[in-house]
Structures are given as C-alpha cells and as structure tokens.
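S.K.: Contents of upload-v9.pdb (PDB, C-alpha atoms, pLDDT in the B column):
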```pdb
ATOM      1  CA  MET A   1      -3.224 -19.263   9.298  1.00 41.00           C
ATOM      2  CA  ASN A   2      -0.445 -21.803   9.774  1.00 38.00           C
ATOM      3  CA  GLN A   3       3.074 -20.936  10.956  1.00 39.00           C
ATOM      4  CA  HIS A   4       4.455 -21.027   7.401  1.00 39.00           C
ATOM      5  CA  THR A   5       1.879 -18.422   6.408  1.00 41.00           C
ATOM      6  CA  LEU A   6       2.783 -16.179   9.326  1.00 40.00           C
ATOM      7  CA  ASP A   7       6.494 -16.519   8.540  1.00 43.00           C
ATOM      8  CA  SER A   8       5.883 -15.677   4.899  1.00 45.00           C
ATOM      9  CA  LEU A   9       3.686 -12.697   5.667  1.00 43.00           C
ATOM     10  CA  SER A  10       6.349 -11.280   7.988  1.00 47.00           C
ATOM     11  CA  LEU A  11       8.408 -10.379   4.909  1.00 63.00           C
ATOM     12  CA  ARG A  12       6.722  -6.978   5.058  1.00 79.00           C
ATOM     13  CA  ALA A  13       4.759  -5.635   7.982  1.00 80.00           C
ATOM     14  CA  ASP A  14       1.849  -4.419   5.882  1.00 89.00           C
ATOM     15  CA  PHE A  15       1.418  -7.848   4.263  1.00 92.00           C
ATOM     16  CA  ARG A  16       0.036  -9.245   7.540  1.00 87.00           C
ATOM     17  CA  ALA A  17      -2.491  -6.432   7.902  1.00 91.00           C
ATOM     18  CA  ILE A  18      -3.518  -6.712   4.255  1.00 95.00           C
ATOM     19  CA  ALA A  19      -3.994 -10.489   4.439  1.00 94.00           C
ATOM     20  CA  ARG A  20      -6.454 -10.136   7.344  1.00 94.00           C
ATOM     21  CA  TRP A  21      -8.765  -8.113   5.086  1.00 97.00           C
ATOM     22  CA  VAL A  22      -8.627 -10.434   2.060  1.00 97.00           C
ATOM     23  CA  GLU A  23     -11.443 -12.915   1.589  1.00 97.00           C
ATOM     24  CA  PRO A  24     -10.518 -16.416   0.382  1.00 97.00           C
ATOM     25  CA  ARG A  25     -11.008 -17.013  -3.352  1.00 98.00           C
ATOM     26  CA  SER A  26     -11.588 -13.314  -4.053  1.00 98.00           C
ATOM     27  CA  THR A  27     -10.311 -11.433  -7.095  1.00 98.00           C
ATOM     28  CA  VAL A  28      -7.432  -9.066  -6.299  1.00 98.00           C
ATOM     29  CA  LEU A  29      -5.653  -6.363  -8.306  1.00 98.00           C
ATOM     30  CA  ASP A  30      -2.275  -5.274  -6.892  1.00 98.00           C
ATOM     31  CA  LEU A  31      -1.265  -1.861  -8.255  1.00 98.00           C
ATOM     32  CA  GLY A  32       2.503  -1.481  -8.304  1.00 96.00           C
ATOM     33  CA  CYS A  33       2.940  -5.121  -7.365  1.00 96.00           C
ATOM     34  CA  GLY A  34       6.757  -5.108  -7.424  1.00 95.00           C
ATOM     35  CA  ASP A  35       8.111  -8.640  -7.596  1.00 95.00           C
ATOM     36  CA  GLY A  36       4.672 -10.176  -6.994  1.00 96.00           C
ATOM     37  CA  SER A  37       5.420 -11.365  -3.452  1.00 95.00           C
ATOM     38  CA  LEU A  38       2.103 -10.226  -1.991  1.00 96.00           C
ATOM     39  CA  LEU A  39       0.009 -11.765  -4.778  1.00 97.00           C
ATOM     40  CA  SER A  40       2.028 -14.961  -4.603  1.00 95.00           C
ATOM     41  CA  LEU A  41       1.353 -15.257  -0.863  1.00 93.00           C
ATOM     42  CA  LEU A  42      -2.325 -14.410  -1.191  1.00 96.00           C
ATOM     43  CA  GLY A  43      -2.676 -16.955  -3.967  1.00 95.00           C
ATOM     44  CA  GLU A  44      -0.947 -19.647  -1.970  1.00 94.00           C
ATOM     45  CA  GLU A  45      -2.691 -19.057   1.333  1.00 93.00           C
ATOM     46  CA  LEU A  46      -6.108 -17.672   0.377  1.00 96.00           C
ATOM     47  CA  ASP A  47      -6.542 -19.043  -3.143  1.00 97.00           C
ATOM     48  CA  VAL A  48      -7.181 -15.570  -4.568  1.00 97.00           C
ATOM     49  CA  GLN A  49      -7.289 -14.898  -8.288  1.00 97.00           C
ATOM     50  CA  GLY A  50      -4.670 -12.177  -8.461  1.00 97.00           C
ATOM     51  CA  TYR A  51      -3.439  -9.766 -11.107  1.00 97.00           C
ATOM     52  CA  GLY A  52      -0.641  -7.246 -10.793  1.00 98.00           C
ATOM     53  CA  ILE A  53       0.334  -4.038 -12.543  1.00 97.00           C
ATOM     54  CA  GLU A  54       4.032  -3.132 -12.534  1.00 97.00           C
ATOM     55  CA  ILE A  55       6.178  -0.821 -14.679  1.00 95.00           C
ATOM     56  CA  ASN A  56       9.641  -2.058 -13.674  1.00 95.00           C
ATOM     57  CA  ASP A  57      11.151  -4.702 -16.002  1.00 97.00           C
ATOM     58  CA  ALA A  58      12.780  -6.601 -13.134  1.00 96.00           C
ATOM     59  CA  GLY A  59       9.498  -6.654 -11.204  1.00 96.00           C
ATOM     60  CA  VAL A  60       7.575  -7.958 -14.207  1.00 97.00           C
ATOM     61  CA  LEU A  61      10.160 -10.713 -14.727  1.00 97.00           C
ATOM     62  CA  ALA A  62      10.047 -11.679 -11.039  1.00 96.00           C
ATOM     63  CA  CYS A  63       6.238 -11.864 -11.194  1.00 97.00           C
ATOM     64  CA  ALA A  64       6.420 -14.137 -14.226  1.00 95.00           C
ATOM     65  CA  GLN A  65       8.916 -16.388 -12.439  1.00 96.00           C
ATOM     66  CA  LYS A  66       6.500 -16.668  -9.497  1.00 95.00           C
ATOM     67  CA  GLY A  67       3.590 -17.476 -11.803  1.00 96.00           C
ATOM     68  CA  VAL A  68       1.851 -14.183 -10.964  1.00 97.00           C
ATOM     69  CA  ASN A  69      -0.390 -12.656 -13.663  1.00 97.00           C
ATOM     70  CA  VAL A  70       1.120  -9.243 -14.405  1.00 97.00           C
ATOM     71  CA  ILE A  71       0.514  -6.383 -16.833  1.00 96.00           C
ATOM     72  CA  GLN A  72       3.407  -4.020 -17.537  1.00 97.00           C
ATOM     73  CA  GLN A  73       1.920  -0.552 -17.344  1.00 95.00           C
ATOM     74  CA  ASN A  74       2.561   2.867 -15.833  1.00 94.00           C
ATOM     75  CA  LEU A  75      -0.079   3.575 -13.177  1.00 94.00           C
ATOM     76  CA  GLU A  76       0.132   7.264 -14.054  1.00 92.00           C
ATOM     77  CA  ASP A  77      -1.712   6.348 -17.289  1.00 90.00           C
ATOM     78  CA  GLY A  78      -4.764   5.264 -15.284  1.00 87.00           C
ATOM     79  CA  LEU A  79      -6.721   2.023 -15.183  1.00 94.00           C
ATOM     80  CA  ARG A  80      -8.811   2.336 -18.340  1.00 92.00           C
ATOM     81  CA  LEU A  81      -8.288  -1.379 -19.007  1.00 92.00           C
ATOM     82  CA  PHE A  82     -10.716  -2.178 -16.197  1.00 96.00           C
ATOM     83  CA  GLU A  83     -14.425  -1.529 -15.762  1.00 97.00           C
ATOM     84  CA  ASP A  84     -15.994  -0.329 -12.514  1.00 97.00           C
ATOM     85  CA  ASP A  85     -15.941  -2.930  -9.714  1.00 97.00           C
ATOM     86  CA  SER A  86     -13.852  -5.343 -11.797  1.00 97.00           C
ATOM     87  CA  PHE A  87     -12.212  -6.781  -8.658  1.00 98.00           C
ATOM     88  CA  ASP A  88     -13.333  -7.693  -5.166  1.00 98.00           C
ATOM     89  CA  LEU A  89     -10.227  -5.923  -3.860  1.00 98.00           C
ATOM     90  CA  ALA A  90      -7.698  -3.457  -5.286  1.00 98.00           C
ATOM     91  CA  ILE A  91      -4.445  -2.893  -3.395  1.00 98.00           C
ATOM     92  CA  LEU A  92      -2.019   0.050  -3.350  1.00 97.00           C
ATOM     93  CA  SER A  93       0.670  -1.396  -1.098  1.00 95.00           C
ATOM     94  CA  GLN A  94       3.380   1.214  -0.424  1.00 93.00           C
ATOM     95  CA  THR A  95       2.833   2.553  -3.939  1.00 94.00           C
ATOM     96  CA  LEU A  96       0.876   5.756  -3.283  1.00 94.00           C
ATOM     97  CA  GLN A  97       3.975   7.780  -2.367  1.00 95.00           C
ATOM     98  CA  THR A  98       5.588   6.930  -5.722  1.00 94.00           C
ATOM     99  CA  ILE A  99       2.689   8.362  -7.783  1.00 94.00           C
ATOM    100  CA  HIS A 100       2.566  11.908  -9.151  1.00 95.00           C
ATOM    101  CA  GLN A 101      -1.198  11.837  -9.845  1.00 94.00           C
ATOM    102  CA  THR A 102      -2.163  10.914  -6.291  1.00 95.00           C
ATOM    103  CA  ALA A 103      -5.819  11.929  -6.303  1.00 95.00           C
ATOM    104  CA  ALA A 104      -6.399  10.414  -9.745  1.00 95.00           C
ATOM    105  CA  ILE A 105      -4.955   7.008  -8.864  1.00 96.00           C
ATOM    106  CA  LEU A 106      -6.936   6.896  -5.619  1.00 97.00           C
ATOM    107  CA  ARG A 107     -10.153   7.587  -7.532  1.00 97.00           C
ATOM    108  CA  GLU A 108      -9.255   4.904 -10.064  1.00 97.00           C
ATOM    109  CA  THR A 109      -8.378   2.390  -7.342  1.00 97.00           C
ATOM    110  CA  VAL A 110     -11.760   2.703  -5.616  1.00 98.00           C
ATOM    111  CA  ARG A 111     -13.475   2.643  -9.002  1.00 97.00           C
ATOM    112  CA  VAL A 112     -12.080  -0.739 -10.078  1.00 98.00           C
ATOM    113  CA  GLY A 113     -12.170  -2.400  -6.646  1.00 98.00           C
ATOM    114  CA  ARG A 114     -15.332  -2.996  -4.614  1.00 98.00           C
ATOM    115  CA  GLU A 115     -13.062  -2.484  -1.603  1.00 98.00           C
ATOM    116  CA  CYS A 116      -9.467  -1.294  -1.556  1.00 98.00           C
ATOM    117  CA  ILE A 117      -6.434  -1.419   0.680  1.00 98.00           C
ATOM    118  CA  VAL A 118      -3.946   1.441   0.757  1.00 98.00           C
ATOM    119  CA  SER A 119      -0.684   1.361   2.714  1.00 97.00           C
ATOM    120  CA  PHE A 120       2.102   3.945   2.881  1.00 96.00           C
ATOM    121  CA  PRO A 121       5.069   4.994   5.036  1.00 95.00           C
ATOM    122  CA  ASN A 122       4.052   7.716   7.479  1.00 97.00           C
ATOM    123  CA  PHE A 123       6.214  10.816   7.073  1.00 96.00           C
ATOM    124  CA  GLY A 124       4.820  12.060  10.406  1.00 96.00           C
ATOM    125  CA  TYR A 125       6.688   9.315  12.331  1.00 96.00           C
ATOM    126  CA  TRP A 126       8.725  11.104  15.014  1.00 96.00           C
ATOM    127  CA  PRO A 127      12.253  10.182  13.804  1.00 95.00           C
ATOM    128  CA  HIS A 128      11.271  11.504  10.367  1.00 95.00           C
ATOM    129  CA  ARG A 129      10.196  14.791  11.950  1.00 95.00           C
ATOM    130  CA  LEU A 130      13.412  14.935  13.953  1.00 95.00           C
ATOM    131  CA  ALA A 131      15.554  14.369  10.857  1.00 94.00           C
ATOM    132  CA  VAL A 132      13.860  17.302   9.107  1.00 93.00           C
ATOM    133  CA  ILE A 133      14.306  19.537  12.173  1.00 95.00           C
ATOM    134  CA  GLN A 134      18.015  18.611  12.096  1.00 95.00           C
ATOM    135  CA  GLY A 135      18.160  19.694   8.460  1.00 96.00           C
ATOM    136  CA  ARG A 136      18.221  16.308   6.722  1.00 95.00           C
ATOM    137  CA  MET A 137      15.692  14.268   4.783  1.00 91.00           C
ATOM    138  CA  PRO A 138      14.754  11.183   6.798  1.00 93.00           C
ATOM    139  CA  VAL A 139      16.140   7.718   6.101  1.00 92.00           C
ATOM    140  CA  SER A 140      14.584   4.809   7.981  1.00 91.00           C
ATOM    141  CA  LYS A 141      13.345   1.255   7.547  1.00 86.00           C
ATOM    142  CA  SER A 142      10.052   2.569   6.135  1.00 88.00           C
ATOM    143  CA  LEU A 143      11.797   5.299   4.067  1.00 90.00           C
ATOM    144  CA  PRO A 144      15.058   3.518   3.190  1.00 90.00           C
ATOM    145  CA  TYR A 145      16.279   5.719   0.330  1.00 90.00           C
ATOM    146  CA  GLN A 146      18.455   8.820   0.254  1.00 93.00           C
ATOM    147  CA  TRP A 147      16.816  11.988  -1.066  1.00 90.00           C
ATOM    148  CA  HIS A 148      18.701  11.743  -4.368  1.00 93.00           C
ATOM    149  CA  ASN A 149      17.766   8.162  -5.283  1.00 91.00           C
ATOM    150  CA  THR A 150      14.327   7.692  -3.759  1.00 92.00           C
ATOM    151  CA  PRO A 151      11.441   6.442  -5.932  1.00 90.00           C
ATOM    152  CA  ASN A 152       9.102   8.418  -3.658  1.00 91.00           C
ATOM    153  CA  VAL A 153       7.718  11.585  -5.190  1.00 92.00           C
ATOM    154  CA  ARG A 154       5.217  12.374  -2.400  1.00 92.00           C
ATOM    155  CA  VAL A 155       5.531  12.480   1.350  1.00 91.00           C
ATOM    156  CA  LEU A 156       2.368  12.186   3.411  1.00 96.00           C
ATOM    157  CA  THR A 157       1.215  11.596   6.949  1.00 97.00           C
ATOM    158  CA  ILE A 158      -1.727   9.709   8.379  1.00 98.00           C
ATOM    159  CA  LYS A 159      -3.590  12.989   8.898  1.00 97.00           C
ATOM    160  CA  ASP A 160      -2.836  14.040   5.313  1.00 97.00           C
ATOM    161  CA  PHE A 161      -4.389  10.854   3.917  1.00 98.00           C
ATOM    162  CA  GLU A 162      -7.452  11.100   6.134  1.00 98.00           C
ATOM    163  CA  ALA A 163      -7.987  14.719   5.035  1.00 98.00           C
ATOM    164  CA  LEU A 164      -7.641  13.790   1.346  1.00 97.00           C
ATOM    165  CA  ALA A 165      -9.895  10.720   1.432  1.00 98.00           C
ATOM    166  CA  PRO A 166     -13.292  12.498   1.470  1.00 97.00           C
ATOM    167  CA  GLU A 167     -12.074  15.000  -1.140  1.00 96.00           C
ATOM    168  CA  VAL A 168     -11.487  12.159  -3.633  1.00 96.00           C
ATOM    169  CA  GLY A 169     -14.670  10.233  -2.784  1.00 96.00           C
ATOM    170  CA  ILE A 170     -13.180   7.654  -0.423  1.00 98.00           C
ATOM    171  CA  GLU A 171     -14.821   6.235   2.701  1.00 98.00           C
ATOM    172  CA  ILE A 172     -12.404   4.831   5.290  1.00 98.00           C
ATOM    173  CA  LEU A 173     -13.657   1.489   6.625  1.00 98.00           C
ATOM    174  CA  ASP A 174     -10.758   0.440   8.843  1.00 98.00           C
ATOM    175  CA  ARG A 175      -7.187   1.405   9.733  1.00 98.00           C
ATOM    176  CA  VAL A 176      -4.115  -0.250  11.211  1.00 97.00           C
ATOM    177  CA  VAL A 177      -1.004   1.747  12.117  1.00 97.00           C
ATOM    178  CA  LEU A 178       2.210  -0.212  12.581  1.00 96.00           C
ATOM    179  CA  HIS A 179       5.772   0.146  13.739  1.00 95.00           C
ATOM    180  CA  GLY A 180       8.235  -2.731  13.771  1.00 90.00           C
ATOM    181  CA  GLY A 181       5.409  -5.079  12.840  1.00 88.00           C
ATOM    182  CA  GLN A 182       3.443  -4.140  15.977  1.00 93.00           C
ATOM    183  CA  THR A 183       0.123  -2.285  16.073  1.00 95.00           C
ATOM    184  CA  VAL A 184       0.333   1.292  17.361  1.00 97.00           C
ATOM    185  CA  ARG A 185      -2.825   2.145  19.315  1.00 95.00           C
ATOM    186  CA  TRP A 186      -2.209   5.728  20.475  1.00 96.00           C
ATOM    187  CA  GLY A 187      -0.282   8.688  19.082  1.00 97.00           C
ATOM    188  CA  GLU A 188      -0.482   6.973  15.696  1.00 97.00           C
ATOM    189  CA  ASN A 189       0.557   9.954  13.579  1.00 96.00           C
ATOM    190  CA  TRP A 190       3.878  10.367  15.390  1.00 96.00           C
ATOM    191  CA  ARG A 191       4.505   6.841  16.740  1.00 97.00           C
ATOM    192  CA  GLY A 192       3.555   4.804  13.664  1.00 97.00           C
ATOM    193  CA  SER A 193       5.916   4.361  10.712  1.00 96.00           C
ATOM    194  CA  LEU A 194       3.440   2.570   8.416  1.00 96.00           C
ATOM    195  CA  ALA A 195      -0.302   3.023   7.864  1.00 97.00           C
ATOM    196  CA  VAL A 196      -2.686   0.524   6.267  1.00 97.00           C
ATOM    197  CA  TYR A 197      -6.276   1.449   5.352  1.00 98.00           C
ATOM    198  CA  ARG A 198      -9.296  -0.481   4.108  1.00 98.00           C
ATOM    199  CA  VAL A 199     -11.438   1.874   2.037  1.00 98.00           C
ATOM    200  CA  LYS A 200     -14.186   1.996  -0.572  1.00 98.00           C
ATOM    201  CA  ARG A 201     -15.835   4.474  -2.919  1.00 97.00           C
ATOM    202  CA  ARG A 202     -18.321   6.768  -1.192  1.00 94.00           C
TER     203      ARG A 202
END
```
As structure tokens, how would this structure be written, given the file I've shared?
M.R.:
Amino acid sequence: MNQHTLDSLSLRADFRAIARWVEPRSTVLDLGCGDGSLLSLLGEELDVQGYGIEINDAGVLACAQKGVNVIQQNLEDGLRLFEDDSFDLAILSQTLQTIHQTAAILRETVRVGRECIVSFPNFGYWPHRLAVIQGRMPVSKSLPYQWHNTPNVRVLTIKDFEALAPEVGIEILDRVVLHGGQTVRWGENWRGSLAVYRVKRR
C-alpha cells in the first residue's frame, strides 16, 4: 500500500487490520457501515465492490455523499435480503456490541459472507476492569461514551467472543488484538483494547 493508503487507514485502528484480509476486487458487505468510510477506502485502494447496511439517517446520507452503495435497514431484522454466500466478505466492524440479537446476527453474517471479519472493543482491557472495580462504567478511546448515552448494548471480552464462536457455528481463522494501533502479542485479553477476527461458518 502507498503512504496515502496507510494514512487513510489510520483513521481507525481496526481499518488497517481489516484491509490486510480483504482481497482486491472482492465483494464486501459492511454491516453497520456508519458513514461509509471503510467501504470508501476499500473501494479506492482495493477496488472492492462494496455495499453497506446502516440504520442511522446521517450515516446513510454520508454514505451517499461518498458514493457508497447503502441500504437503510435495522440489522436486528436480519439479512433476509441476501442469499447464502452472497459476498466474498461480510464485515461487522465495531458493530457487534450495539446489537441485541448477538448470536443471530453472527449466524447471519457468516451465512451471507464466505469469510467474515468481526471487530469489537474489548471490555476486558485493564483500565476498563479498573474503572468497574472503582465503581464506574469505563470510558476510554475504544469505549468513548458515558453509560447513559452509549449506543452499546453488550459488553464482551476476547474470551467471551471465543467461547461464543463455536456455539453459533463460527470457525476462527485469524485474530489481531490492538491497542493504540499497535499489535498486542501477549496478555491480549487484559492488554488489548480492540479485537479483530477473521472467521467463517463451520
């Protein structure tokens, strides 16, 4: 990748990890795509054919302004629009913790994507644990909201996700744990603030 690509992908730490696992000219579905930044970057740098699903009006508008194909839909309603293996890659990028029907959306994600990428903030990160011990809900770069205005409805750790994966028919192919944009190689569940997984249906 050129320097412009690296600069662009540094907008969010998980974008860099995700981009390494995306094949050029593949078809990509981004679930909870926000303002379309990830799809826009993947389209520009890897020539992917991308589609996003987003419920927020502002996110849908931002996608349209970027030229990103977007469907306005609530992920909680499932992905019935799409047949099995409709996409080379389906992405849940920091979306999983905002979903009530966690197991259902994971099953749907690996159904519609031949491979999938899932990233989420790790609630097991040590400052998060310390905040809870001190009697407060954690606020950090990876969990930036106060308890009363957070869009997150689930909190999970790396170990939680890895325990759930086989229960919902998911095989973990690869994992990167990050903090501050750097890879964490030991003590991941307490030293890493963000986890990124490459998975597929078992």
S.K.: Expanded to explicit residues, what is the PyMOL selection byres ((chain A and resi 169) around 8) for this file, as JSON, numbers by chain?
M.R.: {"A": [107, 165, 166, 167, 168, 170, 171, 201, 202]}
S.K.: Would you save the residues of that selection, restricted to C-alpha atoms, as a PDB file, in the coordinates of the input?
M.R.:
```pdb
ATOM      1  CA  ARG A 107     -10.153   7.587  -7.532  1.00 97.00           C
ATOM      2  CA  ALA A 165      -9.895  10.720   1.432  1.00 98.00           C
ATOM      3  CA  PRO A 166     -13.292  12.498   1.470  1.00 97.00           C
ATOM      4  CA  GLU A 167     -12.074  15.000  -1.140  1.00 96.00           C
ATOM      5  CA  VAL A 168     -11.487  12.159  -3.633  1.00 96.00           C
ATOM      6  CA  ILE A 170     -13.180   7.654  -0.423  1.00 98.00           C
ATOM      7  CA  GLU A 171     -14.821   6.235   2.701  1.00 98.00           C
ATOM      8  CA  ARG A 201     -15.835   4.474  -2.919  1.00 97.00           C
ATOM      9  CA  ARG A 202     -18.321   6.768  -1.192  1.00 94.00           C
TER      10      ARG A 202
END
```
S.K.: Rank nothing, just name the residue among A:Leu79, A:Val132, A:Leu29, A:Ile18 nearest to Arg114 of chain A, using only C-alpha atoms.
M.R.: A:Leu29
S.K.: Have a look at A:Leu89, A:Leu75, A:Cys33, A:Leu38 and name the one nearest to Glu115 of chain A; count only C-alpha atoms.
M.R.: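 Of A:Leu89, A:Leu75, A:Cys33, A:Leu38, the one nearest Glu115 of chain A, counting only C-alpha atoms, is A:Leu89.
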S.K.: What is the atom CA of Leu46 of chain A-atom CA of Cys116 of chain A distance in Å, reported with one decimal?
M.R.: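 Between these atoms lies a distance of 16.8 Å.
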S.K.: Residues within 9 Å of Gln49 of chain A, please, as a ChimeraX atom specification. Count all atoms listed in the file; anything in the same chain fewer than 2 positions from it doesn't count.
M.R.: /A:25-29,39,42-43,47,51
S.K.: Leu156 of chain A: which residues within 10 Å, counting all atoms listed in the file, same-chain residues fewer than 4 positions away excluded, as an MDAnalysis selection string?
M.R.: chainID A and resid 96:97 120:124 160:161
S.K.: Evaluated on this file, the PyMOL selection byres ((chain A and resi 55-67) around 6) picks out some residues - which ones are they, written as a list in words?
M.R.: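 Output from the PyMOL selection byres ((chain A and resi 55-67) around 6), applied to this file: Gly34, Asp35, Gly36, Glu54, Val68, Gln72, Gln73 and Asn74 of chain A.
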S.K.: Counting all atoms listed in the file, which residue out of A:Val139, A:Ile71, A:Leu194, A:Ile53 sits closest to Arg12 of chain A?
M.R.: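 Looking only at the distances to Arg12 of chain A, the closest residue turns out to be A:Leu194.
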S.K.: What would the selection look like, as a list in words, if the PyMOL selection byres ((chain A and resi 182) around 12) were run on the coordinates I just shared?
M.R.: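 In the shown coordinates, the PyMOL selection byres ((chain A and resi 182) around 12) covers Ser10, Arg12, Ala13, Asp14, Arg16, Ala17, Val176, Val177, Leu178, His179, Gly180, Gly181, Thr183, Val184, Arg185, Glu188, Arg191, Gly192, Ser193, Leu194 and Ala195 of chain A.
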S.K.: For the atom pair atom CA of Ser40 of chain A and atom CA of Tyr197 of chain A, what is the interatomic distance in Å to one decimal place?
M.R.: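 Calculated distance between atom CA of Ser40 of chain A and atom CA of Tyr197 of chain A is 20.9 Å.
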